[in-house]
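What follows is the content of final-v4.cif (mmCIF, C-alpha atoms).
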data_target
loop_
_atom_site.label_atom_id
_atom_site.label_comp_id
_atom_site.auth_asym_id
_atom_site.auth_seq_id
_atom_site.Cartn_x
_atom_site.Cartn_y
_atom_site.Cartn_z
CA MET V 316 123.84 131.55 111.02
CA GLU V 317 120.57 130.76 109.24
CA LEU V 318 120.09 127.19 108.08
CA GLU V 319 120.57 126.77 104.34
CA VAL V 320 118.05 124.46 102.67
CA ALA V 321 118.71 123.14 99.18
CA LEU V 322 115.45 122.34 97.40
CA VAL V 323 116.13 119.24 95.31
CA PRO V 324 112.68 117.66 94.84
CA HIS V 325 113.83 114.61 92.88
CA ILE V 326 117.30 114.08 94.29
CA CYS V 327 116.39 110.49 95.19
CA SER V 328 115.71 109.52 91.57
CA LEU V 329 118.33 111.41 89.59
CA LYS V 330 119.02 109.97 86.15
CA GLU V 331 122.39 109.66 84.47
CA SER V 332 121.52 112.66 82.30
CA GLU V 333 121.41 114.76 85.46
CA GLU V 334 125.02 114.05 86.45
CA ARG V 335 125.86 117.74 86.62
CA ASP V 336 122.97 118.37 88.99
CA LEU V 337 124.20 115.55 91.21
CA ALA V 338 127.78 116.86 91.20
CA ALA V 339 126.57 120.35 92.07
CA ALA V 340 124.47 119.07 94.97
CA VAL V 341 127.37 117.00 96.31
CA GLY V 342 129.67 119.99 95.93
CA ARG V 343 127.43 122.08 98.17
CA VAL V 344 127.15 119.49 100.93
CA ILE V 345 130.64 117.97 101.20
CA PRO V 346 132.41 121.12 102.49
CA VAL V 347 129.83 121.38 105.27
CA LEU V 348 130.31 117.75 106.27
CA GLU V 349 134.11 117.87 106.12
CA SER V 350 134.16 120.91 108.39
CA GLY V 351 132.36 118.88 111.06
CA GLY V 352 128.88 119.98 110.06
CA LEU V 353 125.59 118.20 110.57
CA VAL V 354 123.49 117.73 107.44
CA LEU V 355 119.88 116.61 107.10
CA LEU V 356 119.41 114.42 104.01
CA PRO V 357 116.71 112.25 102.41
CA ALA V 358 117.29 108.51 102.05
CA GLU V 359 114.98 105.94 100.46
CA GLY V 360 112.27 106.15 103.09
CA LEU V 361 113.15 108.65 105.83
CA TYR V 362 115.07 111.85 106.47
CA GLY V 363 118.28 111.38 108.40
CA LEU V 364 121.00 113.28 110.23
CA HIS V 365 124.48 112.77 108.80
CA VAL V 366 128.06 113.55 109.76
CA VAL V 367 131.44 112.30 108.52
CA ALA V 368 131.79 108.97 110.29
CA ARG V 369 135.50 109.36 111.15
CA LEU V 370 135.12 112.78 112.80
CA GLY V 371 134.81 112.18 116.55
CA PRO V 372 133.55 115.68 117.50
CA ALA V 373 130.91 115.48 114.76
CA ARG V 374 129.72 112.12 116.09
CA GLU V 375 129.47 113.55 119.60
CA ARG V 376 127.49 116.50 118.31
CA LEU V 377 125.12 114.16 116.50
CA ARG V 378 124.49 112.19 119.69
CA ARG V 379 123.73 115.35 121.66
CA ILE V 380 121.24 116.57 119.07
CA LYS V 381 119.67 113.14 118.78
CA GLY V 382 119.34 113.04 122.57
CA ASP V 383 120.90 109.60 122.70
CA PRO V 384 123.96 109.56 124.97
CA SER V 385 123.64 105.80 125.50
CA GLY V 386 126.09 105.11 122.69
CA ARG V 387 123.91 103.49 120.04
CA PRO V 388 126.27 102.85 117.11
CA TYR V 389 123.99 104.16 114.29
CA ILE V 390 124.70 103.22 110.66
CA VAL V 391 127.77 103.83 108.50
CA LEU V 392 126.87 104.62 104.88
CA VAL V 393 129.33 103.68 102.15
CA GLY V 394 129.31 104.48 98.46
CA SER V 395 129.61 100.87 97.28
CA GLY V 396 130.30 97.36 98.47
CA ASP V 397 133.98 97.93 97.66
CA GLU V 398 134.14 100.64 100.34
CA VAL V 399 133.34 98.48 103.38
CA GLY V 400 137.00 97.57 103.91
CA PRO V 401 137.87 100.37 106.36
CA TRP V 402 134.85 99.47 108.51
CA VAL V 403 134.56 95.69 108.35
CA ARG V 404 137.05 93.07 109.55
CA GLU V 405 135.86 90.37 107.18
CA VAL V 406 133.11 89.85 104.65
CA SER V 407 131.79 86.30 104.73
CA ALA V 408 130.39 84.50 101.71
CA ALA V 409 126.88 85.11 103.07
CA ALA V 410 127.61 88.82 103.45
CA ARG V 411 129.10 89.02 99.95
CA ARG V 412 125.94 87.44 98.58
CA GLN V 413 123.73 90.02 100.28
CA ILE V 414 125.99 92.88 99.19
CA GLY V 415 125.80 91.64 95.62
CA ASN V 416 122.05 91.09 95.65
CA ALA V 417 120.68 93.86 97.87
CA TRP V 418 123.10 96.78 97.54
CA PRO V 419 122.62 99.54 96.77
CA GLY V 420 119.37 99.56 98.68
CA PRO V 421 117.66 99.85 102.07
CA LEU V 422 119.34 96.82 103.66
CA THR V 423 121.71 97.55 106.56
CA LEU V 424 124.09 94.68 107.30
CA VAL V 425 125.55 93.98 110.73
CA LEU V 426 129.10 92.75 110.11
CA PRO V 427 132.31 92.12 112.13
CA ALA V 428 133.90 95.50 112.82
CA ALA V 429 137.39 96.39 111.65
CA PRO V 430 139.93 96.74 114.49
CA ASP V 431 140.34 100.48 113.89
CA ALA V 432 136.64 101.29 113.53
CA PRO V 433 135.67 103.97 116.08
CA ARG V 434 134.60 102.17 119.24
CA ASP V 435 131.38 104.15 119.62
CA LEU V 436 130.22 102.73 116.28
CA VAL V 437 130.78 99.13 117.40
CA ARG V 438 128.51 96.94 119.49
CA SER V 439 129.49 93.41 120.50
CA GLY V 440 132.28 93.49 117.93
CA GLU V 441 129.94 94.36 115.07
CA ILE V 442 129.20 97.45 112.99
CA ALA V 443 126.13 98.39 110.94
CA VAL V 444 126.92 99.28 107.31
CA ARG V 445 124.75 100.16 104.34
CA CYS V 446 125.16 101.20 100.73
CA PRO V 447 122.09 103.44 100.20
CA GLY V 448 119.82 103.21 97.21
CA THR V 449 120.03 106.87 96.25
CA ARG V 450 122.87 108.01 94.02
CA PHE V 451 123.08 111.27 95.97
CA LEU V 452 123.81 109.57 99.29
CA ARG V 453 126.23 107.13 97.67
CA ALA V 454 128.17 109.99 96.10
CA LEU V 455 128.33 111.82 99.44
CA ALA V 456 129.41 108.69 101.31
CA SER V 457 132.20 108.05 98.83
CA ALA V 458 133.43 111.63 98.93
CA ALA V 459 133.36 111.71 102.75
CA GLY V 460 134.96 108.30 103.25
CA GLY V 461 131.82 107.10 105.06
CA LEU V 462 128.86 108.88 106.63
CA LEU V 463 127.29 108.23 110.00
CA SER V 464 123.51 108.20 109.65
CA THR V 465 120.49 108.14 111.96
CA SER V 466 116.89 109.22 111.53
CA ALA V 467 116.23 112.95 111.93
CA ASN V 468 114.32 112.85 115.20
CA ARG V 469 115.00 113.00 118.89
CA SER V 470 115.39 109.58 120.45
CA GLY V 471 111.96 108.10 121.13
CA GLN V 472 110.13 110.37 118.68
CA PRO V 473 108.74 109.29 115.28
CA PRO V 474 111.17 109.52 112.35
CA PRO V 475 110.21 112.03 109.63
CA ALA V 476 109.33 111.17 106.04
CA ASP V 477 109.07 114.80 104.94
CA LEU V 478 111.17 117.86 105.69
CA SER V 479 108.11 119.59 107.13
CA ALA V 480 107.82 116.80 109.73
CA VAL V 481 111.30 117.40 111.16
CA ALA V 482 111.06 118.97 114.61
CA PRO V 483 112.11 122.66 114.70
CA GLU V 484 114.84 122.00 117.26
CA ILE V 485 116.37 119.36 114.98
CA LEU V 486 116.29 121.64 111.94
CA GLU V 487 117.80 124.51 113.91
CA ALA V 488 120.69 122.27 114.98
CA CYS V 489 121.60 121.39 111.38
CA ASP V 490 124.08 123.27 109.23
CA PHE V 491 122.52 122.27 105.93
CA ALA V 492 119.39 120.46 104.79
CA VAL V 493 118.37 118.91 101.48
CA ASP V 494 114.65 118.78 100.69
CA GLY V 495 114.02 115.67 98.62
CA GLY V 496 110.24 115.79 98.88
CA ALA V 497 107.92 113.33 100.61
CA LEU V 498 109.35 109.84 101.22
CA CYS V 499 107.63 106.53 101.97
CA GLY V 500 108.16 106.67 105.75
CA VAL V 501 109.87 103.28 106.18
CA GLY V 502 113.50 102.89 107.29
CA SER V 503 116.07 100.33 106.21
CA THR V 504 115.92 96.68 107.19
CA LEU V 505 118.65 95.71 109.66
CA ALA V 506 119.99 92.17 109.32
CA ARG V 507 122.97 89.94 110.13
CA PRO V 508 124.32 87.43 107.59
CA GLU V 509 124.93 84.12 109.38
CA ALA V 510 127.66 81.54 108.79
CA ASP V 511 125.14 79.05 107.39
CA GLY V 512 124.17 81.52 104.66
CA SER V 513 120.90 82.63 106.25
CA LEU V 514 119.98 86.22 107.06
CA THR V 515 118.72 87.09 110.55
CA VAL V 516 116.46 90.15 110.42
CA LEU V 517 117.03 92.31 113.50
CA ARG V 518 114.68 95.12 112.44
CA GLU V 519 112.07 94.92 109.72
CA GLY V 520 112.08 97.75 107.21
CA LEU V 521 111.80 98.73 103.57
CA TRP V 522 113.96 95.89 102.21
CA THR V 523 112.51 92.41 101.79
CA PRO V 524 113.95 89.50 99.77
CA ASP V 525 111.83 90.56 96.79
CA TYR V 526 112.60 94.28 97.11
CA GLY V 527 113.01 95.90 93.72
CA THR V 528 111.58 92.98 91.75
#

Represent the structure from my file as structure tokens, please.
Amino acid sequence: MELEVALVPHICSLKESEERDLAAAVGRVIPVLESGGLVLLPAEGLYGLHVVARLGPARERLRRIKGDPSGRPYIVLVGSGDEVGPWVREVSAAARRQIGNAWPGPLTLVLPAAPDAPRDLVRSGEIAVRCPGTRFLRALASAAGGLLSTSANRSGQPPPADLSAVAPEILEACDFAVDGGALCGVGSTLARPEADGSLTVLREGLWTPDYGT
């Protein structure tokens, strides 16, 4: 079946007045995801591959296409800070502060994993969770009950900031793609909130303490 590409040039900056456009876009993508499909979507800075996070066969398919059988946990996207409960065992005061200050946005937090979180999404008892800055991704994450996300490239290759930069074999493996135009080319910052209230940055990215100011 030929890949369907939805051209949504400004999906990353939809305004409230475009609520119907957002609902229509979500309505096209959710059935594909819920059937175990793999969808290529724009985030704040990069294009990513996405599946429903709770669907084991979809996660396995994502790993095969990514070429990463080593079991990297990837990132779980949620629609809001209130939706971390099924994924996170506890949210410390430091984590709550970051969620309140930096979400939605390109800050991925490494937090204690919930006991029933899928084991392949957990490393050293922790899980990576993010509430994305785009309304489109947040709406999809809420509707799907959590999305698993990783950059749309084979392991070891550069991540794409434009749909045209996605490798043909990656595009061909997808069931649906959304073209959100050219992005900035920088991924999310990965960080762990510490007990003393500090934030340990594990991977530098688009978010900084003054992001959005």

For Leu377 of chain V, the nearest of the candidates V:Pro474, V:Cys489, V:Arg404, V:Ile414, counting only C-alpha atoms: V:Cys489

For Leu505 of chain V, the nearest of the candidates V:Tyr389, V:Trp402, V:Tyr362, V:Phe491, counting all atoms listed in the file: V:Tyr389

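Neighbouring residues of Pro483 of chain V at 12 Å or closer, counting all atoms listed in the file and skipping chain neighbours under 2 positions away, are Leu318, Ile380, Ala467, Asn468, Arg469, Pro475, Leu478, Ser479, Ala480, Val481, Ile485, Leu486, Glu487, Ala488 and Cys489 of chain V.
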
Computed interatomic separation between atom CA of Arg434 of chain V and atom CA of Gly460 of chain V (Å): 17.1 Å

Top pick for closest residue to Val501 of chain V, considering V:Gly342, V:Pro473, V:Pro401, V:Gly360 and counting only C-alpha atoms: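 Closest to Val501 of chain V of all the choices is V:Gly360.
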
Top pick for closest residue to Leu455 of chain V, considering V:Arg438, V:Gly394, V:Asp336, V:Arg378 and counting only C-alpha atoms: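 Selected residue with least distance to Leu455 of chain V: V:Gly394.
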
Hey, what comes out of the PyMOL selection byres ((chain V and resi 356) around 8) on this file? Could you write it as a PDB file with C-alpha atoms, in the frame of the given file?
ATOM      1  CA  VAL V 354     123.490 117.730 107.440  1.00  0.00           C
ATOM      2  CA  LEU V 355     119.880 116.610 107.100  1.00  0.00           C
ATOM      3  CA  PRO V 357     116.710 112.250 102.410  1.00  0.00           C
ATOM      4  CA  ALA V 358     117.290 108.510 102.050  1.00  0.00           C
ATOM      5  CA  TYR V 362     115.070 111.850 106.470  1.00  0.00           C
ATOM      6  CA  GLY V 363     118.280 111.380 108.400  1.00  0.00           C
ATOM      7  CA  LEU V 364     121.000 113.280 110.230  1.00  0.00           C
ATOM      8  CA  HIS V 365     124.480 112.770 108.800  1.00  0.00           C
ATOM      9  CA  ALA V 492     119.390 120.460 104.790  1.00  0.00           C
ATOM     10  CA  VAL V 493     118.370 118.910 101.480  1.00  0.00           C
ATOM     11  CA  ASP V 494     114.650 118.780 100.690  1.00  0.00           C
ATOM     12  CA  GLY V 495     114.020 115.670  98.620  1.00  0.00           C
TER      13      GLY V 495
END

Ground truth for the PyMOL selection byres ((chain V and resi 396) around 9), written as a list in words: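 Going through the file, the PyMOL selection byres ((chain V and resi 396) around 9) ends up selecting Val393, Gly394, Ser395, Asp397, Glu398, Val399, Gly400, Arg411, Ile414, Gly415, Trp418, Pro419, Arg445 and Cys446 of chain V.
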
Which residues of segment 460-526 of chain V come within 7 Å of segment 367-376 of chain V, and for each one, what is the closest pair of atoms and their distance in Å to one decimal, counting only C-alpha atoms, sorted by chain and residue number, as a tab-separated table?
residue	atom	partner	partner_atom	distance
V:Gly461	CA	V:Ala368	CA	5.6
V:Leu462	CA	V:Val367	CA	4.7
V:Leu463	CA	V:Ala368	CA	4.6

Selected residue, from V:Gly352, V:Gly471, V:Gly420, V:Pro427, that lies nearest to Arg450 of chain V when counting all atoms listed in the file: V:Gly420

Selected residue of minimal separation from Val444 of chain V among V:Lys381, V:Ala410, V:Gly512, V:Val366, counting all atoms listed in the file: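 For Val444 of chain V, the nearest of the given residues is V:Ala410.
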
Pairwise distance for atom CA of Gly520 of chain V and atom CA of Ser466 of chain V, rounded to one decimal in Å: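 Result for atom CA of Gly520 of chain V versus atom CA of Ser466 of chain V: 13.2 Å, one decimal.
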
Pairwise distance for atom CA of Gly440 of chain V and atom CA of Glu405 of chain V, rounded to one decimal in Å: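 Between atom CA of Gly440 of chain V and atom CA of Glu405 of chain V the gap works out to 11.8 Å.
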
Arg507 of chain V surroundings by all atoms listed in the file, 6 Å radius, close-in-sequence under 5 positions cut, as a PyMOL selection string: chain V and resi 424-425+514-515
